[in-house]
Every structure is written in structure tokens, then in C-alpha cells.
file run_22.csv (CSV, C-alpha atoms and all ligand atoms)
chain,number,residue,atom,x,y,z
A,1101,MET,CA,6.1,11.4,13.9
A,1102,LEU,CA,6.5,11.9,10.2
A,1103,SER,CA,5.0,14.9,8.4
A,1104,ILE,CA,5.2,15.5,4.7
A,1105,GLU,CA,4.1,18.9,3.5
A,1106,HIS,CA,3.4,19.8,-0.1
A,1107,LEU,CA,6.0,17.4,-1.5
A,1108,GLY,CA,6.6,17.7,-5.2
A,1109,TYR,CA,9.1,15.9,-7.4
A,1110,ARG,CA,9.9,15.8,-11.1
A,1111,TYR,CA,12.5,13.3,-12.4
A,1112,PRO,CA,15.1,14.9,-14.7
A,1113,ARG,CA,13.7,15.4,-18.2
A,1114,ALA,CA,10.2,14.1,-17.2
A,1115,ASP,CA,7.3,15.9,-18.7
A,1116,THR,CA,5.0,15.5,-15.7
A,1117,ALA,CA,5.6,15.5,-11.9
A,1118,ALA,CA,6.0,12.1,-10.2
A,1119,LEU,CA,4.7,13.8,-7.0
A,1120,ASP,CA,2.6,16.9,-6.9
A,1121,ASP,CA,1.6,18.6,-3.7
A,1122,VAL,CA,1.5,15.5,-1.5
A,1123,SER,CA,0.9,16.1,2.2
A,1124,LEU,CA,0.5,13.4,4.8
A,1125,THR,CA,1.4,12.4,8.4
A,1126,ALA,CA,2.3,9.0,9.9
A,1127,GLN,CA,2.0,8.3,13.6
A,1128,ARG,CA,3.6,5.9,15.9
A,1129,GLY,CA,1.5,2.8,16.5
A,1130,HIS,CA,-0.3,3.2,13.2
A,1131,VAL,CA,0.0,1.8,9.7
A,1132,LEU,CA,-0.5,4.4,6.9
A,1133,GLY,CA,-1.5,2.6,3.7
A,1134,LEU,CA,-0.5,4.2,0.5
A,1135,LEU,CA,-2.7,2.9,-2.3
A,1136,GLY,CA,-2.3,3.6,-6.0
A,1137,PRO,CA,-2.0,2.0,-9.4
A,1138,ASN,CA,1.3,1.5,-11.3
A,1139,GLY,CA,3.0,4.8,-11.7
A,1140,ALA,CA,1.0,6.6,-9.0
A,1141,GLY,CA,4.2,7.8,-7.3
A,1142,LYS,CA,4.4,5.3,-4.3
A,1143,THR,CA,8.1,4.3,-4.9
A,1144,THR,CA,9.1,7.9,-5.5
A,1145,LEU,CA,7.6,8.9,-2.2
A,1146,ILE,CA,9.3,6.0,-0.4
A,1147,SER,CA,12.6,6.9,-2.1
A,1148,HIS,CA,12.4,10.4,-0.6
A,1149,LEU,CA,11.9,8.9,2.9
A,1150,ALA,CA,14.7,6.5,2.3
A,1151,GLY,CA,17.0,9.4,1.5
A,1152,LEU,CA,17.5,8.3,-2.1
A,1153,LEU,CA,15.9,11.4,-3.7
A,1154,PRO,CA,16.5,15.0,-2.7
A,1155,VAL,CA,13.5,17.1,-1.7
A,1156,GLN,CA,12.8,19.5,-4.7
A,1157,GLN,CA,9.6,21.0,-3.4
A,1158,GLY,CA,7.9,21.0,0.0
A,1159,GLN,CA,9.3,19.5,3.2
A,1160,ILE,CA,9.6,16.3,5.1
A,1161,MET,CA,9.9,16.5,8.9
A,1162,VAL,CA,10.5,13.8,11.5
A,1163,ASP,CA,9.4,14.9,15.0
A,1164,GLY,CA,9.8,18.5,14.0
A,1165,GLN,CA,13.2,18.2,12.4
A,1166,PRO,CA,14.0,18.0,8.7
A,1167,LEU,CA,14.3,14.4,7.5
A,1168,ALA,CA,17.8,14.9,6.1
A,1169,THR,CA,19.0,16.0,9.6
A,1170,VAL,CA,17.4,13.0,11.3
A,1171,ARG,CA,18.8,10.6,8.7
A,1172,SER,CA,22.4,11.9,9.1
A,1173,ALA,CA,22.2,12.0,12.9
A,1174,THR,CA,20.5,8.6,13.5
A,1175,PRO,CA,20.2,6.8,10.2
A,1176,THR,CA,18.7,3.7,11.9
A,1177,ARG,CA,15.6,5.5,13.1
A,1178,ILE,CA,14.1,4.9,9.6
A,1179,ALA,CA,14.2,1.6,7.8
A,1180,VAL,CA,13.1,0.6,4.3
A,1181,ALA,CA,12.0,-2.8,3.0
A,1182,PRO,CA,12.4,-2.1,-0.7
A,1183,GLN,CA,10.6,-3.7,-3.6
A,1184,GLU,CA,13.8,-5.3,-4.7
A,1185,TYR,CA,15.6,-8.0,-2.7
A,1186,ALA,CA,18.0,-6.1,-0.4
A,1187,PHE,CA,20.5,-8.8,0.7
A,1188,TYR,CA,23.5,-10.7,-0.5
A,1189,PRO,CA,22.3,-13.8,-2.5
A,1190,MET,CA,25.5,-15.8,-1.9
A,1191,LEU,CA,25.3,-15.4,1.9
A,1192,THR,CA,23.1,-17.5,4.2
A,1193,VAL,CA,20.2,-16.0,6.1
A,1194,ALA,CA,22.3,-15.9,9.3
A,1195,GLU,CA,25.3,-14.4,7.5
A,1196,ASN,CA,23.1,-11.7,5.9
A,1197,LEU,CA,21.7,-10.7,9.2
A,1198,ALA,CA,25.1,-10.7,10.8
A,1199,CYS,CA,26.4,-8.6,8.0
A,1200,PHE,CA,23.6,-6.0,8.1
A,1201,SER,CA,23.7,-5.8,11.9
A,1202,ALA,CA,27.4,-5.0,11.7
A,1203,ALA,CA,26.7,-2.3,9.2
A,1204,GLY,CA,24.0,-0.9,11.5
A,1205,ARG,CA,26.6,-0.4,14.2
A,1206,LEU,CA,24.9,-2.4,16.8
A,1207,THR,CA,26.9,-3.5,19.9
A,1208,ALA,CA,27.8,-7.2,20.0
A,1209,ALA,CA,25.3,-8.0,22.7
A,1210,LYS,CA,22.5,-6.0,21.1
A,1211,ARG,CA,23.4,-7.6,17.7
A,1212,ASP,CA,22.7,-11.2,18.9
A,1213,GLU,CA,19.5,-10.1,20.6
A,1214,ARG,CA,18.3,-8.3,17.5
A,1215,ILE,CA,19.2,-11.1,15.1
A,1216,ALA,CA,17.3,-13.6,17.2
A,1217,ALA,CA,14.3,-11.2,17.5
A,1218,CYS,CA,14.2,-10.5,13.7
A,1219,LEU,CA,14.6,-14.2,12.8
A,1220,ALA,CA,11.6,-14.9,15.1
A,1221,VAL,CA,9.5,-12.1,13.7
A,1222,ALA,CA,10.1,-13.2,10.1
A,1223,GLN,CA,9.9,-16.9,11.2
A,1224,LEU,CA,13.2,-17.7,9.5
A,1225,GLU,CA,14.8,-19.7,12.2
A,1226,ARG,CA,14.7,-22.9,10.2
A,1227,TYR,CA,16.4,-21.2,7.3
A,1228,GLN,CA,19.4,-19.7,9.0
A,1229,GLY,CA,21.8,-21.9,7.2
A,1230,THR,CA,20.2,-21.5,3.7
A,1231,ARG,CA,21.8,-19.4,1.1
A,1232,ALA,CA,19.5,-16.4,0.4
A,1233,GLU,CA,19.4,-17.1,-3.3
A,1234,LYS,CA,17.9,-20.5,-2.6
A,1235,LEU,CA,15.0,-19.2,-0.7
A,1236,SER,CA,11.5,-19.1,-2.2
A,1237,GLY,CA,10.0,-15.7,-3.2
A,1238,GLY,CA,8.0,-15.5,0.0
A,1239,LEU,CA,11.0,-16.3,2.2
A,1240,LYS,CA,13.2,-13.8,0.4
A,1241,ARG,CA,10.6,-11.1,1.2
A,1242,ARG,CA,10.7,-12.3,4.8
A,1243,LEU,CA,14.5,-11.9,4.8
A,1244,ASN,CA,14.0,-8.3,3.5
A,1245,LEU,CA,11.6,-7.7,6.4
A,1246,ALA,CA,14.0,-9.2,9.0
A,1247,ILE,CA,16.9,-7.1,7.7
A,1248,ALA,CA,14.8,-3.9,7.7
A,1249,LEU,CA,13.8,-4.5,11.4
A,1250,LEU,CA,17.3,-5.2,12.7
A,1251,PRO,CA,18.0,-1.7,14.0
A,1252,GLU,CA,14.6,-1.4,15.8
A,1253,PRO,CA,13.5,1.5,13.6
A,1254,GLU,CA,10.8,3.9,14.7
A,1255,LEU,CA,9.6,4.4,11.1
A,1256,VAL,CA,9.4,1.5,8.7
A,1257,LEU,CA,8.6,1.8,5.1
A,1258,PHE,CA,7.4,-1.1,3.0
A,1259,ASP,CA,7.3,-0.8,-0.7
A,1260,GLU,CA,4.9,-3.4,-2.0
A,1261,PRO,CA,6.4,-6.2,0.1
A,1262,THR,CA,4.0,-8.9,-1.0
A,1263,VAL,CA,4.7,-8.7,-4.8
A,1264,GLY,CA,5.3,-12.3,-6.0
A,1265,VAL,CA,4.7,-13.8,-2.7
A,1266,ASP,CA,2.6,-17.0,-2.0
A,1267,PRO,CA,-0.6,-16.5,0.0
A,1268,GLN,CA,0.8,-18.0,3.2
A,1269,SER,CA,3.8,-15.7,3.3
A,1270,ARG,CA,1.6,-12.8,2.3
A,1271,ALA,CA,-0.7,-13.3,5.3
A,1272,PHE,CA,2.3,-13.8,7.5
A,1273,ILE,CA,4.0,-10.6,6.3
A,1274,LEU,CA,0.9,-8.6,6.7
A,1275,GLU,CA,0.5,-9.9,10.3
A,1276,ALA,CA,4.1,-9.2,11.1
A,1277,ILE,CA,3.8,-5.6,9.9
A,1278,LYS,CA,0.6,-5.0,11.9
A,1279,SER,CA,2.3,-6.3,15.0
A,1280,LEU,CA,5.2,-3.9,14.3
A,1281,ALA,CA,2.8,-1.0,14.6
A,1282,ARG,CA,1.2,-2.5,17.6
A,1283,HIS,CA,4.6,-2.4,19.3
A,1284,GLY,CA,4.9,1.3,18.6
A,1285,ALA,CA,6.5,1.8,15.2
A,1286,ALA,CA,5.1,4.1,12.6
A,1287,VAL,CA,4.6,2.1,9.4
A,1288,ILE,CA,4.0,3.2,5.8
A,1289,TYR,CA,2.9,0.5,3.6
A,1290,THR,CA,2.5,0.9,-0.2
A,1291,SER,CA,0.4,-1.4,-2.3
A,1292,HIS,CA,-1.8,-1.5,-5.4
A,1293,TYR,CA,-3.8,-4.3,-3.7
A,1294,MET,CA,-6.8,-2.7,-2.1
A,1295,ASP,CA,-7.6,-5.8,0.0
A,1296,GLU,CA,-4.2,-5.5,1.7
A,1297,ILE,CA,-4.7,-1.8,2.4
A,1298,GLU,CA,-8.1,-2.5,3.8
A,1299,ALA,CA,-6.7,-5.3,6.0
A,1300,ILE,CA,-3.7,-3.5,7.4
A,1301,ALA,CA,-4.1,0.3,7.3
A,1302,ASP,CA,-5.4,2.6,10.1
A,1303,GLN,CA,-5.1,5.5,7.7
A,1304,VAL,CA,-5.3,5.4,4.0
A,1305,VAL,CA,-3.9,7.8,1.3
A,1306,ILE,CA,-4.9,7.2,-2.3
A,1307,LEU,CA,-2.4,8.4,-4.8
A,1308,ASP,CA,-2.9,8.6,-8.6
A,1309,ARG,CA,-0.5,10.1,-11.1
A,1310,GLY,CA,1.5,11.8,-8.4
A,1311,ARG,CA,-1.5,13.5,-6.7
A,1312,MET,CA,-3.4,12.6,-3.5
A,1313,LEU,CA,-7.0,11.8,-4.4
A,1314,CYS,CA,-8.1,11.4,-0.7
A,1315,ALA,CA,-6.9,10.6,2.8
A,1316,GLY,CA,-8.5,9.4,6.0
A,1317,SER,CA,-9.4,6.3,7.9
A,1318,LEU,CA,-11.0,3.5,5.9
A,1319,ASP,CA,-14.3,4.2,7.5
A,1320,GLU,CA,-14.1,7.9,6.8
A,1321,LEU,CA,-13.2,7.4,3.1
A,1322,LEU,CA,-15.8,4.9,2.4
A,1323,ALA,CA,-18.6,6.8,4.3
A,1324,GLN,CA,-18.0,9.9,2.2
A,1325,HIS,CA,-19.1,8.2,-0.9
A,1326,GLU,CA,-22.5,7.0,-2.0
A,1327,PRO,CA,-23.3,3.3,-1.4
A,1328,VAL,CA,-22.6,0.7,-4.0
A,1329,MET,CA,-24.9,-2.0,-5.3
A,1330,VAL,CA,-23.6,-5.1,-7.0
A,1331,LEU,CA,-26.2,-7.1,-8.8
A,1332,ALA,CA,-26.6,-9.8,-11.4
A,1333,ALA,CA,-29.8,-9.9,-13.5
A,1334,ASP,CA,-31.0,-11.5,-16.7
A,1335,GLY,CA,-34.1,-11.6,-18.8
A,1336,ILE,CA,-33.1,-8.2,-20.1
A,1337,ALA,CA,-30.5,-7.3,-22.8
A,1338,ARG,CA,-27.2,-6.2,-21.4
A,1339,ASP,CA,-27.5,-2.7,-23.1
A,1340,ALA,CA,-31.0,-2.2,-21.7
A,1341,LEU,CA,-29.8,-3.3,-18.3
A,1342,LEU,CA,-26.9,-0.8,-18.3
A,1343,ALA,CA,-29.2,2.0,-19.6
A,1344,LEU,CA,-31.8,1.3,-16.9
A,1345,LEU,CA,-29.2,1.2,-14.1
A,1346,ALA,CA,-27.5,4.4,-15.4
A,1347,LYS,CA,-30.8,6.2,-14.4
A,1348,HIS,CA,-30.2,5.2,-10.8
A,1349,GLY,CA,-26.5,5.8,-10.4
A,1350,THR,CA,-23.1,5.5,-12.0
A,1351,VAL,CA,-22.0,2.2,-13.4
A,1352,LEU,CA,-18.6,1.5,-11.9
A,1353,ASP,CA,-17.9,-1.9,-13.4
A,1354,SER,CA,-19.8,-4.5,-15.4
A,1355,SER,CA,-19.0,-7.9,-16.7
A,1356,GLY,CA,-21.8,-9.8,-18.6
A,1357,GLN,CA,-25.0,-9.3,-16.6
A,1358,ARG,CA,-23.1,-8.4,-13.4
A,1359,VAL,CA,-22.9,-4.7,-12.6
A,1360,SER,CA,-21.5,-2.5,-9.8
A,1361,LEU,CA,-23.5,0.7,-9.4
A,1362,ARG,CA,-22.8,3.7,-7.3
A,1363,LEU,CA,-26.3,4.4,-6.1
A,1364,LYS,CA,-28.2,7.7,-6.4
A,1365,SER,CA,-31.6,6.0,-5.9
A,1366,ARG,CA,-32.7,3.8,-3.0
A,1367,PRO,CA,-32.0,0.1,-3.6
A,1368,ALA,CA,-35.8,-0.7,-3.5
A,1369,GLU,CA,-36.3,1.7,-6.4
A,1370,VAL,CA,-33.6,0.0,-8.5
A,1371,LEU,CA,-35.1,-3.4,-7.8
A,1372,ALA,CA,-38.6,-2.2,-8.7
A,1373,ALA,CA,-37.4,-0.7,-11.9
A,1374,LEU,CA,-35.7,-4.0,-12.9
A,1375,ASP,CA,-38.9,-5.8,-12.0
A,1376,ASN,CA,-41.0,-3.4,-14.2
A,1377,ALA,CA,-38.5,-4.2,-17.1
A,1378,SER,CA,-39.2,-7.9,-16.5
A,1379,ALA,CA,-35.6,-8.5,-15.5
A,1380,THR,CA,-34.8,-11.4,-13.1
A,1381,VAL,CA,-32.5,-10.4,-10.3
A,1382,HIS,CA,-30.3,-13.3,-9.2
A,1383,SER,CA,-28.3,-11.5,-6.6
A,1384,ALA,CA,-28.1,-8.1,-5.2
A,1385,GLN,CA,-25.7,-6.8,-2.6
A,1386,PHE,CA,-26.0,-3.4,-1.2
A,1387,GLY,CA,-23.6,-1.6,1.2
A,1388,ARG,CA,-20.7,0.8,1.4
A,1389,GLY,CA,-18.2,0.4,-1.4
A,1390,ASN,CA,-14.6,-0.8,-1.1
A,1391,LEU,CA,-11.4,1.1,-1.9
A,1392,GLU,CA,-11.4,-0.2,-5.5
A,1393,GLN,CA,-14.9,1.2,-6.1
A,1394,LEU,CA,-13.9,4.5,-4.4
A,1395,PHE,CA,-10.9,4.7,-6.7
A,1396,MET,CA,-13.0,4.0,-9.7
A,1397,SER,CA,-15.6,6.6,-8.8
A,1398,LEU,CA,-12.8,9.2,-8.4
A,1399,THR,CA,-10.9,8.3,-11.6
A,1400,GLN,CA,-13.2,6.3,-13.8
A,1401,ARG,CA,-10.3,3.8,-13.9
A,1402,SER,CA,-9.5,0.6,-12.2
A,1403,LEU,CA,-6.6,0.3,-9.7
A,1404,ARG,CA,-5.5,-2.7,-11.8
A,1405,ASP,CA,-5.3,-0.8,-15.1
A,1501,LIG,N1,14.0,7.1,-12.6
A,1501,LIG,C1,12.9,7.6,-13.2
A,1501,LIG,N2,13.1,8.5,-14.2
A,1501,LIG,C2,12.0,9.1,-14.8
A,1501,LIG,N3,10.7,8.8,-14.4
A,1501,LIG,C3,10.5,8.0,-13.4
A,1501,LIG,C4,11.6,7.3,-12.8
A,1501,LIG,N4,11.1,6.5,-11.8
A,1501,LIG,C5,9.8,6.6,-11.9
A,1501,LIG,N5,9.4,7.5,-12.9
A,1501,LIG,C6,8.0,7.9,-13.2
A,1501,LIG,O1,7.5,8.6,-12.1
A,1501,LIG,C7,6.1,8.2,-12.0
A,1501,LIG,C8,5.9,7.5,-10.6
A,1501,LIG,O2,6.6,6.3,-10.6
A,1501,LIG,P1,6.7,5.4,-9.2
A,1501,LIG,O3,7.6,4.3,-9.6
A,1501,LIG,O4,7.0,6.2,-8.1
A,1501,LIG,O5,5.2,4.8,-9.2
A,1501,LIG,P2,4.6,3.6,-8.3
A,1501,LIG,O6,3.3,4.1,-7.7
A,1501,LIG,O7,5.7,3.1,-7.3
A,1501,LIG,O8,4.4,2.5,-9.4
A,1501,LIG,P3,4.6,0.9,-9.3
A,1501,LIG,O9,3.4,0.4,-8.5
A,1501,LIG,O10,4.5,0.5,-10.7
A,1501,LIG,O11,5.9,0.6,-8.6
A,1501,LIG,C9,5.8,7.3,-13.1
A,1501,LIG,O12,5.2,8.1,-14.1
A,1501,LIG,C10,7.1,6.8,-13.6
A,1501,LIG,O13,7.2,6.5,-14.9

call {"tool": "encode", "arguments": {"input": "run_22.csv", "output": "C-alpha cells"}}
result
Amino acid sequence: MLSIEHLGYRYPRADTAALDDVSLTAQRGHVLGLLGPNGAGKTTLISHLAGLLPVQQGQIMVDGQPLATVRSATPTRIAVAPQEYAFYPMLTVAENLACFSAAGRLTAAKRDERIAACLAVAQLERYQGTRAEKLSGGLKRRLNLAIALLPEPELVLFDEPTVGVDPQSRAFILEAIKSLARHGAAVIYTSHYMDEIEAIADQVVILDRGRMLCAGSLDELLAQHEPVMVLAADGIARDALLALLAKHGTVLDSSGQRVSLRLKSRPAEVLAALDNASATVHSAQFGRGNLEQLFMSLTQRSLRD
């Protein structure tokens, strides 16, 4: 449905590009997860799709037509749930929805139907009469979600919708977004939480400093990389432990005697080497890595830096 080709963007007077040669596609019925640390370019990408930034380099097409053409012909096909709260704080939940549905040029009959449906999706029925400014952080995010969904968009963009949200609302928002894709929308979801991307995304793009590091399904991405071992050992000095493990792979992360290692050797060889060095292994897990470890192995940095 959406195809971005070789997108590049540099903010006025910036030294480096915020986006550099980014190409991706988003399909109906799928969630595309855009994972990257602070400053990776996620918001810049979403801002392009929201029509807030002009295309400087490359192109963005929706069903074969330039995005700008689609946006001006049928603006409601694409919706954005931005990072900021996008509603009127002084109005109640119901008034906000009425106001945004009027702005979305829905017919009166359709308007009532959509308001009811979006209240239900965001489970905000109980809060219809509450002024938006009085809602908790999680409920405010849910109001953002309800407003974004009012016009039944075909492509929905979520820019870190769970920032500052309690765990219950977070789980709820993720589930609502997944169900949106199940009902046929194309969804782009940005986050710097790898567990959210792992939970929600059918396809994953990892962005860093404006560039795409890799793209594919979660399984494809994780299968391309060597397995990871996470172990805790003592009876051996930390420096000696790290030096020993460095012979068997790349140390991704370590804290005290707990180490994550991208393996080059077989796990049994690592355990035998530790045994020979009189180390006591308290726990060892072996398997494919996660997105955080993949990011670290590609950049030698943490997603959370
Ligand atoms: N208005 C602006 N003017 C100049 N540079 C900007 C502007 N907005 C963002 N940038 C820069 O562009 C780069 C990408 O920023 P962007 O906000 O898109 O990243 P992000 O992945 O959304 O980060 P975060 O997770 O912190 O929201 C960063 O280096 C940032 O400093």
C-alpha cells in the first residue's frame, strides 16, 4: 500500500541528514515496526507521511500515486497518532470526538457510528463526560488513538504511542493496534522499546542515525545473526571471564559476572572453557538473540543510549 523509496531529508542548517536513503513498504493487514534509539529519524519519517515535511529526496507512493496527491484528494485515508497529545484539553472526551469527526467531514449518521466504534476500540465509554485534561496519561493516549481512528483510515501511523503510559493501558493500546491491522489497515508503529516491536510487528525496520540498518520479519532478522548466550559465572575474576569469553564470540553486554555473548563457538565449547578455568556457571541461556542484541551487534551501542 505504502512504498517509500530512497527517502532523504536534512533539516535546515543541520550538519547531517535526519533520513538517508530509507526505503520500505507497508502492507494492508500488517504492522510495520520502526525501531530506533533517540534521534534515529522515526519522527522525521512519520512527519513526512503525515504531510508535515516536504519530500526533499526520493519518493513516497500510496497505491502507486504520490503521497501528496493522495493526501490532498482523500486526506482521511492516512491518520497519525502523534507523540504529543492531539486534542483539546478543555473539551470532554465526547466533545473532542464530535469536534474531530466534524473536521473529518463525516456525514451525521456515519459520525455517530464512528464515534461509538472509536470509543469502544479505545475503551473510553466511561470517560465520555471527562474533560481531556483530567484524564491519566494512559487514557490521554487512548483518546489520541480514538481520534486517529475516527475517519477509518487505511494507513495509520503511531509515533511512540506508549511513552509515559501505565502497563495496563500500554498492553491495551498494543492490542488495539494489532486488531486494527487484523481488520485490514496498514499500520506503522515507531518505538524505541524492542519488546513492543517484537510483540506487535509483522515486519521490522531498524533505523539508526537516519539510516536503515536492516529490514525483514522478526524471524528473518534474528535468524541472520549468530546465536546469543547469556550466562552468569563466578569463581573467576571479571576481567579473566571477559577475556575468556572474547575468544568465543563478541561480548554484547556485561554487568558484574553476567555476560551476553554473540557466539562464534559452540555453547559446549564455551562451557568447557569456563570449566577448565575453574569458573562456576550459575546459569546459561542459549538461543537466538533479540532485537536489542541485534541492534548492539550492528552498532556496538544500546538502543537505550
Ligand atoms: N526541527 C528540527 N530541526 C533540526 N534537526 C532536527 C529537528 N527535528 C529533529 N531533528 C534531528 O533529526 C534527527 C532525527 O530526529 P527524530 O526526532 O526524527 O528522531 P526520533 O527517532 O524520532 O527520536 P526520538 O525517539 O527521540 O523521538 C535527530 O538528529 C534530531 O536532532

call {"tool": "closest_atom_pairs", "arguments": {"input": "run_22.csv", "of": "chain A", "to": "ligand LIG 1501 (chain A)", "cutoff": "8 Å", "atoms": "all atoms listed in the file", "output": "Markdown table"}}
result
| residue | atom | partner | partner_atom | distance |
| --- | --- | --- | --- | --- |
| A:Arg1110 | CA | A:LIG1501 | O1 | 7.7 |
| A:Tyr1111 | CA | A:LIG1501 | C2 | 4.9 |
| A:Pro1112 | CA | A:LIG1501 | C2 | 6.6 |
| A:Arg1113 | CA | A:LIG1501 | C2 | 7.4 |
| A:Ala1114 | CA | A:LIG1501 | C2 | 5.8 |
| A:Thr1116 | CA | A:LIG1501 | O12 | 7.6 |
| A:Ala1117 | CA | A:LIG1501 | O1 | 7.2 |
| A:Ala1118 | CA | A:LIG1501 | O1 | 4.3 |
| A:Leu1119 | CA | A:LIG1501 | C8 | 7.4 |
| A:Gly1136 | CA | A:LIG1501 | O6 | 5.9 |
| A:Pro1137 | CA | A:LIG1501 | O9 | 5.7 |
| A:Asn1138 | CA | A:LIG1501 | O10 | 3.4 |
| A:Gly1139 | CA | A:LIG1501 | O5 | 3.3 |
| A:Ala1140 | CA | A:LIG1501 | O6 | 3.6 |
| A:Gly1141 | CA | A:LIG1501 | O4 | 3.3 |
| A:Lys1142 | CA | A:LIG1501 | O6 | 3.8 |
| A:Thr1143 | CA | A:LIG1501 | O7 | 3.6 |
| A:Thr1144 | CA | A:LIG1501 | O4 | 3.7 |
| A:Leu1145 | CA | A:LIG1501 | O4 | 6.5 |
| A:Asp1259 | CA | A:LIG1501 | O7 | 7.8 |
| A:Glu1260 | CA | A:LIG1501 | O9 | 7.7 |
| A:Ser1291 | CA | A:LIG1501 | O9 | 7.1 |
| A:His1292 | CA | A:LIG1501 | O9 | 6.3 |
| A:Leu1307 | CA | A:LIG1501 | O6 | 7.7 |
| A:Asp1308 | CA | A:LIG1501 | O6 | 7.7 |
| A:Arg1309 | CA | A:LIG1501 | O12 | 6.7 |
| A:Gly1310 | CA | A:LIG1501 | C8 | 6.5 |

call {"tool": "closest_residue", "arguments": {"input": "run_22.csv", "among": "A:Leu1243, A:Ile1215, A:Leu1132, A:Ala1198", "to": "Ala1186 in chain A", "atoms": "all atoms listed in the file"}}
result
A:Leu1243

call {"tool": "closest_residue", "arguments": {"input": "run_22.csv", "among": "A:Leu1167, A:Ala1346, A:Leu1313, A:Ala1379", "to": "Met1396 in chain A", "atoms": "all atoms listed in the file"}}
result
A:Leu1313

call {"tool": "residues_around", "arguments": {"input": "run_22.csv", "residues": "Arg1242 in chain A", "least_positions_apart": "2", "cutoff": "12 Å", "atoms": "all atoms listed in the file", "output": "VMD selection string"}}
result
chain A and resid 1181 to 1182 1185 to 1187 1193 1197 1218 to 1225 1227 1232 1235 to 1240 1244 to 1249 1258 1261 to 1263 1265 to 1266 1268 to 1277

call {"tool": "atom_distance", "arguments": {"input": "run_22.csv", "atom1": "CA of Val1170 in chain A", "atom2": "CA of Leu1149 in chain A"}}
result
10.8 Å

call {"tool": "closest_residue", "arguments": {"input": "run_22.csv", "among": "A:Ala1332, A:Glu1233, A:Val1351, A:Pro1251", "to": "Arg1177 in chain A", "atoms": "all atoms listed in the file"}}
result
A:Pro1251

call {"tool": "residues_around", "arguments": {"input": "run_22.csv", "residues": "Met1294 in chain A", "least_positions_apart": "3", "cutoff": "8 Å", "atoms": "all atoms listed in the file", "output": "PDB file with C-alpha atoms, in the coordinates of the input"}}
result
ATOM      1  CA  LEU A1135      -2.700   2.900  -2.300  1.00  0.00           C
ATOM      2  CA  SER A1291       0.400  -1.400  -2.300  1.00  0.00           C
ATOM      3  CA  ILE A1297      -4.700  -1.800   2.400  1.00  0.00           C
ATOM      4  CA  GLU A1298      -8.100  -2.500   3.800  1.00  0.00           C
ATOM      5  CA  LEU A1391     -11.400   1.100  -1.900  1.00  0.00           C
ATOM      6  CA  GLU A1392     -11.400  -0.200  -5.500  1.00  0.00           C
TER       7      GLU A1392
END

call {"tool": "atom_distance", "arguments": {"input": "run_22.csv", "atom1": "CA of Asp1115 in chain A", "atom2": "CA of Val1155 in chain A"}}
result
18.1 Å

call {"tool": "atom_distance", "arguments": {"input": "run_22.csv", "atom1": "CA of Ala1285 in chain A", "atom2": "CA of Pro1253 in chain A"}}
result
7.2 Å

call {"tool": "residues_around", "arguments": {"input": "run_22.csv", "residues": "range 1347-1349 of chain A", "least_positions_apart": "4", "cutoff": "7 Å", "atoms": "only C-alpha atoms", "output": "PDB file with C-alpha atoms, in the coordinates of the input"}}
result
ATOM      1  CA  ALA A1343     -29.200   2.000 -19.600  1.00  0.00           C
ATOM      2  CA  LEU A1361     -23.500   0.700  -9.400  1.00  0.00           C
ATOM      3  CA  ARG A1362     -22.800   3.700  -7.300  1.00  0.00           C
ATOM      4  CA  LEU A1363     -26.300   4.400  -6.100  1.00  0.00           C
ATOM      5  CA  LYS A1364     -28.200   7.700  -6.400  1.00  0.00           C
ATOM      6  CA  SER A1365     -31.600   6.000  -5.900  1.00  0.00           C
ATOM      7  CA  VAL A1370     -33.600   0.000  -8.500  1.00  0.00           C
TER       8      VAL A1370
END

call {"tool": "axis_aligned_box", "arguments": {"input": "run_22.csv", "around": "range 1250-1268 of chain A", "padding_each_side": "5 Å", "output": "lines of an AutoDock Vina configuration file"}}
result
center_x = 8.7
center_y = -6.8
center_z = 4.9
size_x = 28.6
size_y = 32.4
size_z = 31.8

call {"tool": "residues_around", "arguments": {"input": "run_22.csv", "residues": "Leu1124 in chain A", "least_positions_apart": "6", "cutoff": "8 Å", "atoms": "only C-alpha atoms", "output": "list in words"}}
result
Ser1103, Ile1104, Glu1105 and Val1305 of chain A

call {"tool": "residues_around", "arguments": {"input": "run_22.csv", "residues": "Met1101 in chain A", "least_positions_apart": "4", "cutoff": "9 Å", "atoms": "all atoms listed in the file", "output": "list of chain:residue names"}}
result
A:Thr1125, A:Ala1126, A:Gln1127, A:Arg1128, A:Met1161, A:Val1162, A:Asp1163, A:Gly1164, A:Glu1254, A:Leu1255, A:Ala1286

call {"tool": "decode", "arguments": {"input": "run_22.csv", "residues": "range 1171-1184 of chain A", "atoms": "N, CA and C atoms", "output": "mmCIF file, in the first residue's frame"}}
result
data_model
loop_
_atom_site.group_PDB
_atom_site.id
_atom_site.type_symbol
_atom_site.label_atom_id
_atom_site.label_comp_id
_atom_site.auth_asym_id
_atom_site.auth_seq_id
_atom_site.Cartn_x
_atom_site.Cartn_y
_atom_site.Cartn_z
ATOM 1 N N ARG A 1171 -2.948 12.590 -0.327
ATOM 2 C CA ARG A 1171 -3.334 13.382 0.844
ATOM 3 C C ARG A 1171 -4.284 14.510 0.464
ATOM 4 N N SER A 1172 -4.052 15.137 -0.677
ATOM 5 C CA SER A 1172 -4.944 16.256 -0.991
ATOM 6 C C SER A 1172 -6.289 15.753 -1.516
ATOM 7 N N ALA A 1173 -6.308 14.592 -2.209
ATOM 8 C CA ALA A 1173 -7.585 14.081 -2.729
ATOM 9 C C ALA A 1173 -8.433 13.483 -1.601
ATOM 10 N N THR A 1174 -7.816 12.654 -0.756
ATOM 11 C CA THR A 1174 -8.555 11.993 0.335
ATOM 12 C C THR A 1174 -7.699 12.002 1.601
ATOM 13 N N PRO A 1175 -7.711 13.147 2.296
ATOM 14 C CA PRO A 1175 -6.818 13.289 3.456
ATOM 15 C C PRO A 1175 -7.080 12.258 4.544
ATOM 16 N N THR A 1176 -8.296 11.725 4.609
ATOM 17 C CA THR A 1176 -8.612 10.835 5.730
ATOM 18 C C THR A 1176 -8.123 9.394 5.510
ATOM 19 N N ARG A 1177 -7.519 9.114 4.356
ATOM 20 C CA ARG A 1177 -7.007 7.745 4.152
ATOM 21 C C ARG A 1177 -5.826 7.445 5.069
ATOM 22 N N ILE A 1178 -5.140 8.506 5.480
ATOM 23 C CA ILE A 1178 -3.944 8.318 6.313
ATOM 24 C C ILE A 1178 -4.143 9.074 7.625
ATOM 25 N N ALA A 1179 -3.938 8.388 8.728
ATOM 26 C CA ALA A 1179 -4.121 9.052 10.025
ATOM 27 C C ALA A 1179 -2.857 8.928 10.853
ATOM 28 N N VAL A 1180 -2.651 9.918 11.698
ATOM 29 C CA VAL A 1180 -1.458 9.923 12.546
ATOM 30 C C VAL A 1180 -1.876 10.038 14.004
ATOM 31 N N ALA A 1181 -1.347 9.163 14.833
ATOM 32 C CA ALA A 1181 -1.468 9.354 16.287
ATOM 33 C C ALA A 1181 -0.101 9.853 16.749
ATOM 34 N N PRO A 1182 0.032 11.154 16.923
ATOM 35 C CA PRO A 1182 1.370 11.708 17.170
ATOM 36 C C PRO A 1182 1.840 11.482 18.597
ATOM 37 N N GLN A 1183 3.124 11.806 18.832
ATOM 38 C CA GLN A 1183 3.687 11.660 20.184
ATOM 39 C C GLN A 1183 3.007 12.603 21.158
ATOM 40 N N GLU A 1184 2.719 13.808 20.679
ATOM 41 C CA GLU A 1184 2.097 14.800 21.564
ATOM 42 C C GLU A 1184 0.606 14.483 21.690
#
